[in-house]
Amino acid sequence: MTWHDEQARRDELYRDPYPLYDRARRAEGLTYVPEFDAWLVARDREVREVLLRAEDFSSANALLPDVPLSQAALGVLPRGFGPRPTVVSSDGAAHRRHRAPLNRGLSAARVAALVPYVRTCAAELVDGFAADGSAELVEAYAQRLPGMVVGRLIGLDPADVPAAVRGGYRAEELLFRPLPPEGQAAAAEDVVALQHLLDGYVRDRRAHPRDDLCSAMVAALAPGTGELTLEQRHELVTSLQNLLIAGFLTTGALIATTLLHLLDEDRRQWRMLCADPSLIPAAVEEAARHDTAIQAFRRTTTRPVSLGGTELPAGAAVLVAYGAANRDGERYERPGEFDVTRPLNRQHLGFGHGPHGCPGSQLAREQLRLTLEVLTSRLPGLRPDPGRPRPRMRPTLIHRSPEALHVSW
């Protein structure tokens, strides 16, 4: 099988991993998946076990790229910053060091203070297309709102947010999508531009700290008042880039996928939310459970371990599938059904679990909640555009989303 054949097979699994998850949950022990070069952890109890045993299952390779970088890209990337360990790819004390400023910056009080801004942004975006009668909601809304919000949280000038969002999507494309060498080089140029943009903010906040998350991260990861060293700048730029991308990529995916499931052929559940907005909080949780934005992260065993009846050596790669655990019939009734009338349940794995649980989960929930409130009240007639084919999912496990969502009203 050629590399392109392997990529096509991997893309097929990424677009619809649920049949594989079903087989893996039924199997004895863990299932080795050649396309992922990893053991798939698919049952709820074993996913939770891995996430609570961080000392045995390292996060160092959590975001291992899917594609090799070309010499053309490798010639561009050294002009930028990183890579360095981040909150996603570190363990133990290093992870706690990266996590601490995020916990403070994404506290309940901080998120509550952002909610009016989120509501304003959501309304402004809808204003931009409400009179048109149709829209493509992924580009016009789902990819824009989270970028505006995480930009505000970090402290970016609104004028810099579109370039930052573009750079973030290009970083994901560079590392996880097959591109020709010249395409990789072009994506790398956009990534380097994003890194230099963030470096400017890092150095500015060292000299002129503000009440924003960029300043908090500079103070936490590079204590003191002296000029930042080059190594400190590398670490801060890498960490800010990770925060930025995680902040908008996954939340945008959650918004788009939720709307996809609500606006199915009969729109029954969409009409239920329009008639009874009190169902929206439960709909948020059901959406995060049913079609999880981050489907899976990698872990690597640090010693020989036994998991789910399978003996794994040190250095074994496992793919911890939140998306599979969230459809485990041992934990959920009718696990494959999307049902906004389920009792509100925040104990799913849609935002992870344990020490690496998503620190921005509440901010993501608020953005989806406000999105549903705004759209159900402003555009209750929203429906799939009948002239367009059913949307296809992006071939990725780290921001599961329709590629496009054409609607009319």
# chains A, B, ... in the order shown; residues from 1 in each chain; ligands from 1

$ residues_around --residues "stretch 80-84 of chain A" --least-positions-apart "4" --cutoff "7 Å" --atoms "only C-alpha atoms" --output "PDB file with all heavy atoms, in the first residue's frame"
ATOM      1  N   VAL A 192       4.803  30.857  10.325  1.00  0.00           N
ATOM      2  CA  VAL A 192       5.889  31.718  10.794  1.00  0.00           C
ATOM      3  C   VAL A 192       5.390  33.143  11.000  1.00  0.00           C
ATOM      4  O   VAL A 192       5.752  33.818  11.976  1.00  0.00           O
ATOM      5  CB  VAL A 192       7.072  31.669   9.807  1.00  0.00           C
ATOM      6  CG1 VAL A 192       8.081  32.774  10.098  1.00  0.00           C
ATOM      7  CG2 VAL A 192       7.743  30.308   9.874  1.00  0.00           C
ATOM      8  N   GLN A 195       3.621  33.240  14.248  1.00  0.00           N
ATOM      9  CA  GLN A 195       4.552  33.190  15.372  1.00  0.00           C
ATOM     10  C   GLN A 195       5.208  34.550  15.616  1.00  0.00           C
ATOM     11  O   GLN A 195       5.376  34.966  16.770  1.00  0.00           O
ATOM     12  CB  GLN A 195       5.595  32.102  15.120  1.00  0.00           C
ATOM     13  CG  GLN A 195       5.001  30.703  15.158  1.00  0.00           C
ATOM     14  CD  GLN A 195       5.963  29.640  14.699  1.00  0.00           C
ATOM     15  OE1 GLN A 195       7.007  29.935  14.110  1.00  0.00           O
ATOM     16  NE2 GLN A 195       5.620  28.383  14.942  1.00  0.00           N
ATOM     17  N   HIS A 196       5.566  35.246  14.558  1.00  0.00           N
ATOM     18  CA  HIS A 196       6.160  36.570  14.742  1.00  0.00           C
ATOM     19  C   HIS A 196       5.125  37.572  15.265  1.00  0.00           C
ATOM     20  O   HIS A 196       5.467  38.471  16.057  1.00  0.00           O
ATOM     21  CB  HIS A 196       6.810  37.046  13.445  1.00  0.00           C
ATOM     22  CG  HIS A 196       8.143  36.404  13.190  1.00  0.00           C
ATOM     23  ND1 HIS A 196       9.294  36.761  13.856  1.00  0.00           N
ATOM     24  CD2 HIS A 196       8.496  35.373  12.380  1.00  0.00           C
ATOM     25  CE1 HIS A 196      10.303  36.011  13.456  1.00  0.00           C
ATOM     26  NE2 HIS A 196       9.840  35.156  12.548  1.00  0.00           N
ATOM     27  N   HIS A 234      10.679  31.583  22.616  1.00  0.00           N
ATOM     28  CA  HIS A 234      10.262  30.355  21.937  1.00  0.00           C
ATOM     29  C   HIS A 234       9.140  29.677  22.713  1.00  0.00           C
ATOM     30  O   HIS A 234       8.126  29.266  22.140  1.00  0.00           O
ATOM     31  CB  HIS A 234      11.452  29.400  21.814  1.00  0.00           C
ATOM     32  CG  HIS A 234      12.288  29.616  20.601  1.00  0.00           C
ATOM     33  ND1 HIS A 234      11.924  29.176  19.355  1.00  0.00           N
ATOM     34  CD2 HIS A 234      13.489  30.231  20.446  1.00  0.00           C
ATOM     35  CE1 HIS A 234      12.868  29.502  18.474  1.00  0.00           C
ATOM     36  NE2 HIS A 234      13.820  30.142  19.116  1.00  0.00           N
ATOM     37  N   GLU A 235       9.319  29.522  24.021  1.00  0.00           N
ATOM     38  CA  GLU A 235       8.323  28.819  24.822  1.00  0.00           C
ATOM     39  C   GLU A 235       7.006  29.581  24.863  1.00  0.00           C
ATOM     40  O   GLU A 235       5.920  28.991  24.731  1.00  0.00           O
ATOM     41  CB  GLU A 235       8.841  28.619  26.247  1.00  0.00           C
ATOM     42  CG  GLU A 235       7.842  27.867  27.121  1.00  0.00           C
ATOM     43  CD  GLU A 235       8.345  27.615  28.521  1.00  0.00           C
ATOM     44  OE1 GLU A 235       8.687  28.593  29.213  1.00  0.00           O
ATOM     45  OE2 GLU A 235       8.384  26.446  28.924  1.00  0.00           O
ATOM     46  N   VAL A 237       5.797  31.848  22.701  1.00  0.00           N
ATOM     47  CA  VAL A 237       5.132  31.858  21.396  1.00  0.00           C
ATOM     48  C   VAL A 237       4.471  30.505  21.135  1.00  0.00           C
ATOM     49  O   VAL A 237       3.313  30.435  20.686  1.00  0.00           O
ATOM     50  CB  VAL A 237       6.125  32.211  20.274  1.00  0.00           C
ATOM     51  CG1 VAL A 237       5.517  31.917  18.896  1.00  0.00           C
ATOM     52  CG2 VAL A 237       6.522  33.683  20.361  1.00  0.00           C
ATOM     53  N   THR A 238       5.184  29.421  21.433  1.00  0.00           N
ATOM     54  CA  THR A 238       4.606  28.092  21.234  1.00  0.00           C
ATOM     55  C   THR A 238       3.364  27.898  22.091  1.00  0.00           C
ATOM     56  O   THR A 238       2.345  27.374  21.633  1.00  0.00           O
ATOM     57  CB  THR A 238       5.645  27.008  21.564  1.00  0.00           C
ATOM     58  OG1 THR A 238       6.816  27.209  20.762  1.00  0.00           O
ATOM     59  CG2 THR A 238       5.086  25.625  21.288  1.00  0.00           C
TER      60      THR A 238
END

$ residues_around --residues "stretch 24-38 of chain A" --least-positions-apart "6" --cutoff "12 Å" --atoms "only C-alpha atoms" --output "CSV table (one decimal) with N, CA and C atoms, in the first residue's frame"
chain,number,residue,atom,x,y,z
A,1,MET,N,0.9,-1.2,0.0
A,1,MET,CA,0.0,0.0,0.0
A,1,MET,C,0.9,1.2,0.0
A,3,TRP,N,1.9,5.4,0.3
A,3,TRP,CA,1.6,6.4,1.4
A,3,TRP,C,0.3,7.1,1.1
A,4,HIS,N,0.0,7.4,-0.2
A,4,HIS,CA,-1.3,8.0,-0.6
A,4,HIS,C,-2.5,7.1,-0.3
A,5,ASP,N,-2.3,5.8,-0.5
A,5,ASP,CA,-3.4,4.9,-0.2
A,5,ASP,C,-3.6,4.9,1.3
A,6,GLU,N,-2.5,4.9,2.1
A,6,GLU,CA,-2.7,4.9,3.6
A,6,GLU,C,-3.4,6.2,4.0
A,7,GLN,N,-3.0,7.3,3.4
A,7,GLN,CA,-3.6,8.6,3.7
A,7,GLN,C,-5.1,8.6,3.4
A,8,ALA,N,-5.5,8.0,2.2
A,8,ALA,CA,-6.9,7.9,1.9
A,8,ALA,C,-7.7,7.1,2.9
A,9,ARG,N,-7.1,6.0,3.3
A,9,ARG,CA,-7.7,5.1,4.3
A,9,ARG,C,-7.9,5.8,5.6
A,10,ARG,N,-6.8,6.6,6.0
A,10,ARG,CA,-6.9,7.3,7.3
A,10,ARG,C,-8.0,8.4,7.2
A,11,ASP,N,-8.0,9.1,6.0
A,11,ASP,CA,-9.1,10.1,5.9
A,11,ASP,C,-10.5,9.5,6.0
A,12,GLU,N,-10.7,8.3,5.4
A,12,GLU,CA,-12.0,7.7,5.5
A,12,GLU,C,-12.3,7.4,7.0
A,13,LEU,N,-11.4,6.9,7.7
A,13,LEU,CA,-11.6,6.7,9.2
A,13,LEU,C,-11.9,8.0,9.9
A,14,TYR,N,-11.1,9.0,9.6
A,14,TYR,CA,-11.3,10.3,10.2
A,14,TYR,C,-12.7,10.9,10.0
A,17,PRO,N,-15.3,7.8,12.1
A,17,PRO,CA,-14.6,6.8,12.9
A,17,PRO,C,-15.5,5.9,13.7
A,18,TYR,N,-16.8,6.2,13.7
A,18,TYR,CA,-17.7,5.6,14.7
A,18,TYR,C,-17.9,4.0,14.4
A,44,ASP,N,-15.3,3.6,27.7
A,44,ASP,CA,-15.4,4.7,28.6
A,44,ASP,C,-14.5,4.5,29.8
A,45,ARG,N,-14.6,3.3,30.4
A,45,ARG,CA,-13.8,3.0,31.6
A,45,ARG,C,-12.3,3.1,31.4
A,46,GLU,N,-11.9,2.6,30.2
A,46,GLU,CA,-10.4,2.5,30.0
A,46,GLU,C,-9.9,3.9,29.5
A,47,VAL,N,-10.7,4.7,28.8
A,47,VAL,CA,-10.3,6.0,28.5
A,47,VAL,C,-10.1,6.8,29.8
A,61,ASN,N,3.7,13.0,23.1
A,61,ASN,CA,3.4,12.9,21.7
A,61,ASN,C,1.9,13.1,21.4
A,62,ALA,N,1.2,13.9,22.2
A,62,ALA,CA,-0.2,14.0,22.1
A,62,ALA,C,-0.6,14.5,20.7
A,64,LEU,N,1.3,14.3,17.7
A,64,LEU,CA,2.2,13.9,16.7
A,64,LEU,C,1.6,14.1,15.3
A,65,PRO,N,2.4,14.8,14.4
A,65,PRO,CA,1.8,15.1,13.1
A,65,PRO,C,1.5,13.8,12.3
A,66,ASP,N,0.5,13.9,11.4
A,66,ASP,CA,0.1,12.8,10.6
A,66,ASP,C,1.0,12.7,9.3
A,67,VAL,N,1.6,13.8,8.9
A,67,VAL,CA,2.3,13.8,7.7
A,67,VAL,C,3.8,14.3,7.9
A,296,ALA,N,-9.8,12.4,19.7
A,296,ALA,CA,-8.8,11.6,20.3
A,296,ALA,C,-7.5,12.3,20.4
A,297,PHE,N,-6.7,12.0,21.4
A,297,PHE,CA,-5.4,12.4,21.6
A,297,PHE,C,-4.5,11.2,21.8
A,298,ARG,N,-3.2,11.3,21.4
A,298,ARG,CA,-2.3,10.2,21.7
A,298,ARG,C,-1.7,10.3,23.1
A,299,ARG,N,-1.3,9.1,23.6
A,299,ARG,CA,-0.5,8.9,24.8
A,299,ARG,C,0.5,7.9,24.5
A,300,THR,N,1.6,7.9,25.3
A,300,THR,CA,2.7,6.9,25.1
A,300,THR,C,3.0,6.3,26.5
A,301,THR,N,3.0,5.0,26.5
A,301,THR,CA,3.3,4.3,27.8
A,301,THR,C,4.7,4.6,28.3
A,306,SER,N,-0.7,-2.9,31.8
A,306,SER,CA,-1.8,-3.7,31.3
A,306,SER,C,-3.1,-2.8,31.3
A,307,LEU,N,-3.7,-2.8,30.1
A,307,LEU,CA,-4.9,-1.9,29.9
A,307,LEU,C,-6.0,-2.7,29.2
A,308,GLY,N,-7.1,-2.8,29.8
A,308,GLY,CA,-8.2,-3.5,29.1
A,308,GLY,C,-8.0,-4.9,28.7
A,309,GLY,N,-7.1,-5.6,29.4
A,309,GLY,CA,-6.7,-6.9,29.1
A,309,GLY,C,-5.6,-7.1,28.1
A,310,THR,N,-5.0,-6.0,27.6
A,310,THR,CA,-3.9,-6.0,26.7
A,310,THR,C,-2.6,-5.6,27.4
A,311,GLU,N,-1.6,-6.3,27.2
A,311,GLU,CA,-0.3,-6.0,27.8
A,311,GLU,C,0.5,-5.1,26.8
A,312,LEU,N,0.9,-3.9,27.3
A,312,LEU,CA,1.6,-3.0,26.4
A,312,LEU,C,3.0,-2.8,27.0
A,315,GLY,N,6.8,2.6,25.8
A,315,GLY,CA,6.9,3.2,24.5
A,315,GLY,C,5.8,2.9,23.5
A,316,ALA,N,4.8,2.2,24.0
A,316,ALA,CA,3.6,1.9,23.1
A,316,ALA,C,2.8,3.1,22.9
A,317,ALA,N,2.3,3.3,21.7
A,317,ALA,CA,1.4,4.5,21.4
A,317,ALA,C,-0.1,4.0,21.5
A,318,VAL,N,-0.8,4.8,22.3
A,318,VAL,CA,-2.3,4.5,22.4
A,318,VAL,C,-3.0,5.8,21.9
A,319,LEU,N,-4.1,5.6,21.3
A,319,LEU,CA,-5.0,6.7,20.8
A,319,LEU,C,-6.2,6.7,21.7
A,320,VAL,N,-6.3,7.7,22.6
A,320,VAL,CA,-7.4,7.7,23.6
A,320,VAL,C,-8.6,8.4,23.0
A,321,ALA,N,-9.6,7.7,22.7
A,321,ALA,CA,-10.7,8.2,21.9
A,321,ALA,C,-11.9,8.6,22.7
A,323,GLY,N,-14.3,10.4,21.7
A,323,GLY,CA,-15.5,10.3,20.8
A,323,GLY,C,-16.1,8.9,20.9
A,324,ALA,N,-15.2,7.8,21.1
A,324,ALA,CA,-15.7,6.5,21.3
A,324,ALA,C,-16.3,6.3,22.7
A,325,ALA,N,-15.6,6.8,23.7
A,325,ALA,CA,-16.1,6.6,25.0
A,325,ALA,C,-17.4,7.3,25.2
A,326,ASN,N,-17.7,8.4,24.5
A,326,ASN,CA,-18.9,9.1,24.7
A,326,ASN,C,-20.1,8.4,24.0
A,327,ARG,N,-19.8,7.3,23.3
A,327,ARG,CA,-20.9,6.5,22.8
A,327,ARG,C,-20.9,5.1,23.3
A,328,ASP,N,-20.4,5.0,24.5
A,328,ASP,CA,-20.3,3.6,25.1
A,328,ASP,C,-21.6,3.3,25.8
A,329,GLY,N,-22.2,2.2,25.3
A,329,GLY,CA,-23.5,1.8,25.8
A,329,GLY,C,-23.6,1.3,27.2
A,330,GLU,N,-22.4,1.1,27.8
A,330,GLU,CA,-22.4,0.7,29.2
A,330,GLU,C,-22.6,2.0,30.1
A,396,THR,N,-10.3,14.8,10.1
A,396,THR,CA,-9.4,15.1,11.2
A,396,THR,C,-10.0,14.6,12.5
A,397,LEU,N,-9.2,14.2,13.5
A,397,LEU,CA,-9.7,13.8,14.8
A,397,LEU,C,-9.6,14.9,15.8

$ residues_around --residues "A:Pro359" --least-positions-apart "6" --cutoff "9 Å" --atoms "only C-alpha atoms" --output "list in words"
Arg99, Leu102, Asn103, Leu106, Ser107 and Phe351 of chain A

$ select_by_dssp --residues "stretch 44-248 of chain A" --states "helix (DSSP H, G or I)" --output "ChimeraX atom specification"
/A:44-52,71-79,92-105,108-127,137-142,145-154,158-176,181-207,213-221,230-248

$ closest_residue --among "A:Ala130, A:Leu249, A:Ile280, A:Ala288" --to "A:Thr341" --atoms "only C-alpha atoms"
A:Ile280

$ decode --residues "stretch 320-345 of chain A" --atoms "N, CA, C and O atoms" --output "PDB file, in the first residue's frame"
ATOM      1  N   VAL A 320      -6.336   7.669  22.581  1.00  0.00           N
ATOM      2  CA  VAL A 320      -7.382   7.729  23.599  1.00  0.00           C
ATOM      3  C   VAL A 320      -8.582   8.437  22.985  1.00  0.00           C
ATOM      4  O   VAL A 320      -8.572   9.657  22.792  1.00  0.00           O
ATOM      5  N   ALA A 321      -9.621   7.668  22.675  1.00  0.00           N
ATOM      6  CA  ALA A 321     -10.734   8.161  21.859  1.00  0.00           C
ATOM      7  C   ALA A 321     -11.898   8.626  22.726  1.00  0.00           C
ATOM      8  O   ALA A 321     -12.766   7.846  23.103  1.00  0.00           O
ATOM      9  N   TYR A 322     -11.927   9.926  23.011  1.00  0.00           N
ATOM     10  CA  TYR A 322     -13.051  10.503  23.751  1.00  0.00           C
ATOM     11  C   TYR A 322     -14.355  10.283  22.989  1.00  0.00           C
ATOM     12  O   TYR A 322     -15.403  10.031  23.581  1.00  0.00           O
ATOM     13  N   GLY A 323     -14.278  10.416  21.670  1.00  0.00           N
ATOM     14  CA  GLY A 323     -15.469  10.258  20.842  1.00  0.00           C
ATOM     15  C   GLY A 323     -16.062   8.864  20.937  1.00  0.00           C
ATOM     16  O   GLY A 323     -17.283   8.690  20.864  1.00  0.00           O
ATOM     17  N   ALA A 324     -15.203   7.843  21.105  1.00  0.00           N
ATOM     18  CA  ALA A 324     -15.688   6.471  21.269  1.00  0.00           C
ATOM     19  C   ALA A 324     -16.280   6.275  22.650  1.00  0.00           C
ATOM     20  O   ALA A 324     -17.354   5.669  22.808  1.00  0.00           O
ATOM     21  N   ALA A 325     -15.599   6.777  23.670  1.00  0.00           N
ATOM     22  CA  ALA A 325     -16.099   6.624  25.045  1.00  0.00           C
ATOM     23  C   ALA A 325     -17.447   7.294  25.227  1.00  0.00           C
ATOM     24  O   ALA A 325     -18.302   6.806  25.980  1.00  0.00           O
ATOM     25  N   ASN A 326     -17.658   8.391  24.533  1.00  0.00           N
ATOM     26  CA  ASN A 326     -18.914   9.132  24.677  1.00  0.00           C
ATOM     27  C   ASN A 326     -20.102   8.437  24.019  1.00  0.00           C
ATOM     28  O   ASN A 326     -21.237   8.898  24.148  1.00  0.00           O
ATOM     29  N   ARG A 327     -19.838   7.333  23.311  1.00  0.00           N
ATOM     30  CA  ARG A 327     -20.936   6.525  22.766  1.00  0.00           C
ATOM     31  C   ARG A 327     -20.889   5.090  23.309  1.00  0.00           C
ATOM     32  O   ARG A 327     -21.315   4.149  22.649  1.00  0.00           O
ATOM     33  N   ASP A 328     -20.387   4.954  24.512  1.00  0.00           N
ATOM     34  CA  ASP A 328     -20.281   3.643  25.149  1.00  0.00           C
ATOM     35  C   ASP A 328     -21.625   3.272  25.762  1.00  0.00           C
ATOM     36  O   ASP A 328     -22.123   3.951  26.663  1.00  0.00           O
ATOM     37  N   GLY A 329     -22.225   2.183  25.269  1.00  0.00           N
ATOM     38  CA  GLY A 329     -23.532   1.761  25.753  1.00  0.00           C
ATOM     39  C   GLY A 329     -23.552   1.334  27.206  1.00  0.00           C
ATOM     40  O   GLY A 329     -24.624   1.259  27.816  1.00  0.00           O
ATOM     41  N   GLU A 330     -22.394   1.053  27.788  1.00  0.00           N
ATOM     42  CA  GLU A 330     -22.367   0.720  29.201  1.00  0.00           C
ATOM     43  C   GLU A 330     -22.571   1.952  30.075  1.00  0.00           C
ATOM     44  O   GLU A 330     -22.887   1.825  31.257  1.00  0.00           O
ATOM     45  N   ARG A 331     -22.397   3.120  29.492  1.00  0.00           N
ATOM     46  CA  ARG A 331     -22.556   4.355  30.258  1.00  0.00           C
ATOM     47  C   ARG A 331     -23.784   5.156  29.831  1.00  0.00           C
ATOM     48  O   ARG A 331     -24.367   5.877  30.643  1.00  0.00           O
ATOM     49  N   TYR A 332     -24.167   5.057  28.565  1.00  0.00           N
ATOM     50  CA  TYR A 332     -25.262   5.894  28.043  1.00  0.00           C
ATOM     51  C   TYR A 332     -26.336   5.023  27.397  1.00  0.00           C
ATOM     52  O   TYR A 332     -25.998   4.091  26.656  1.00  0.00           O
ATOM     53  N   GLU A 333     -27.583   5.344  27.647  1.00  0.00           N
ATOM     54  CA  GLU A 333     -28.679   4.721  26.913  1.00  0.00           C
ATOM     55  C   GLU A 333     -28.745   5.323  25.514  1.00  0.00           C
ATOM     56  O   GLU A 333     -28.495   6.514  25.336  1.00  0.00           O
ATOM     57  N   ARG A 334     -29.074   4.499  24.538  1.00  0.00           N
ATOM     58  CA  ARG A 334     -29.161   4.945  23.138  1.00  0.00           C
ATOM     59  C   ARG A 334     -27.938   5.815  22.790  1.00  0.00           C
ATOM     60  O   ARG A 334     -28.060   6.966  22.372  1.00  0.00           O
ATOM     61  N   PRO A 335     -26.744   5.271  22.963  1.00  0.00           N
ATOM     62  CA  PRO A 335     -25.532   6.097  22.882  1.00  0.00           C
ATOM     63  C   PRO A 335     -25.301   6.745  21.528  1.00  0.00           C
ATOM     64  O   PRO A 335     -24.682   7.809  21.453  1.00  0.00           O
ATOM     65  N   GLY A 336     -25.815   6.128  20.440  1.00  0.00           N
ATOM     66  CA  GLY A 336     -25.586   6.695  19.119  1.00  0.00           C
ATOM     67  C   GLY A 336     -26.592   7.740  18.699  1.00  0.00           C
ATOM     68  O   GLY A 336     -26.466   8.324  17.621  1.00  0.00           O
ATOM     69  N   GLU A 337     -27.598   8.008  19.540  1.00  0.00           N
ATOM     70  CA  GLU A 337     -28.633   8.983  19.194  1.00  0.00           C
ATOM     71  C   GLU A 337     -28.284  10.369  19.733  1.00  0.00           C
ATOM     72  O   GLU A 337     -27.804  10.505  20.857  1.00  0.00           O
ATOM     73  N   PHE A 338     -28.569  11.368  18.918  1.00  0.00           N
ATOM     74  CA  PHE A 338     -28.446  12.770  19.337  1.00  0.00           C
ATOM     75  C   PHE A 338     -29.806  13.199  19.855  1.00  0.00           C
ATOM     76  O   PHE A 338     -30.785  13.210  19.106  1.00  0.00           O
ATOM     77  N   ASP A 339     -29.895  13.532  21.143  1.00  0.00           N
ATOM     78  CA  ASP A 339     -31.190  13.788  21.770  1.00  0.00           C
ATOM     79  C   ASP A 339     -31.063  14.929  22.766  1.00  0.00           C
ATOM     80  O   ASP A 339     -30.511  14.761  23.862  1.00  0.00           O
ATOM     81  N   VAL A 340     -31.579  16.094  22.398  1.00  0.00           N
ATOM     82  CA  VAL A 340     -31.435  17.276  23.259  1.00  0.00           C
ATOM     83  C   VAL A 340     -32.318  17.207  24.498  1.00  0.00           C
ATOM     84  O   VAL A 340     -32.203  18.060  25.382  1.00  0.00           O
ATOM     85  N   THR A 341     -33.183  16.200  24.583  1.00  0.00           N
ATOM     86  CA  THR A 341     -34.026  16.078  25.778  1.00  0.00           C
ATOM     87  C   THR A 341     -33.386  15.151  26.822  1.00  0.00           C
ATOM     88  O   THR A 341     -34.002  14.901  27.865  1.00  0.00           O
ATOM     89  N   ARG A 342     -32.177  14.643  26.586  1.00  0.00           N
ATOM     90  CA  ARG A 342     -31.506  13.873  27.632  1.00  0.00           C
ATOM     91  C   ARG A 342     -31.343  14.743  28.882  1.00  0.00           C
ATOM     92  O   ARG A 342     -31.106  15.949  28.771  1.00  0.00           O
ATOM     93  N   PRO A 343     -31.430  14.162  30.055  1.00  0.00           N
ATOM     94  CA  PRO A 343     -31.135  14.941  31.265  1.00  0.00           C
ATOM     95  C   PRO A 343     -29.743  15.553  31.175  1.00  0.00           C
ATOM     96  O   PRO A 343     -28.801  14.926  30.682  1.00  0.00           O
ATOM     97  N   LEU A 344     -29.617  16.787  31.624  1.00  0.00           N
ATOM     98  CA  LEU A 344     -28.354  17.509  31.521  1.00  0.00           C
ATOM     99  C   LEU A 344     -27.248  16.705  32.207  1.00  0.00           C
ATOM    100  O   LEU A 344     -27.373  16.323  33.379  1.00  0.00           O
ATOM    101  N   ASN A 345     -26.163  16.455  31.472  1.00  0.00           N
ATOM    102  CA  ASN A 345     -25.085  15.616  31.987  1.00  0.00           C
ATOM    103  C   ASN A 345     -23.751  16.223  31.586  1.00  0.00           C
ATOM    104  O   ASN A 345     -23.400  16.235  30.411  1.00  0.00           O
TER     105      ASN A 345
END
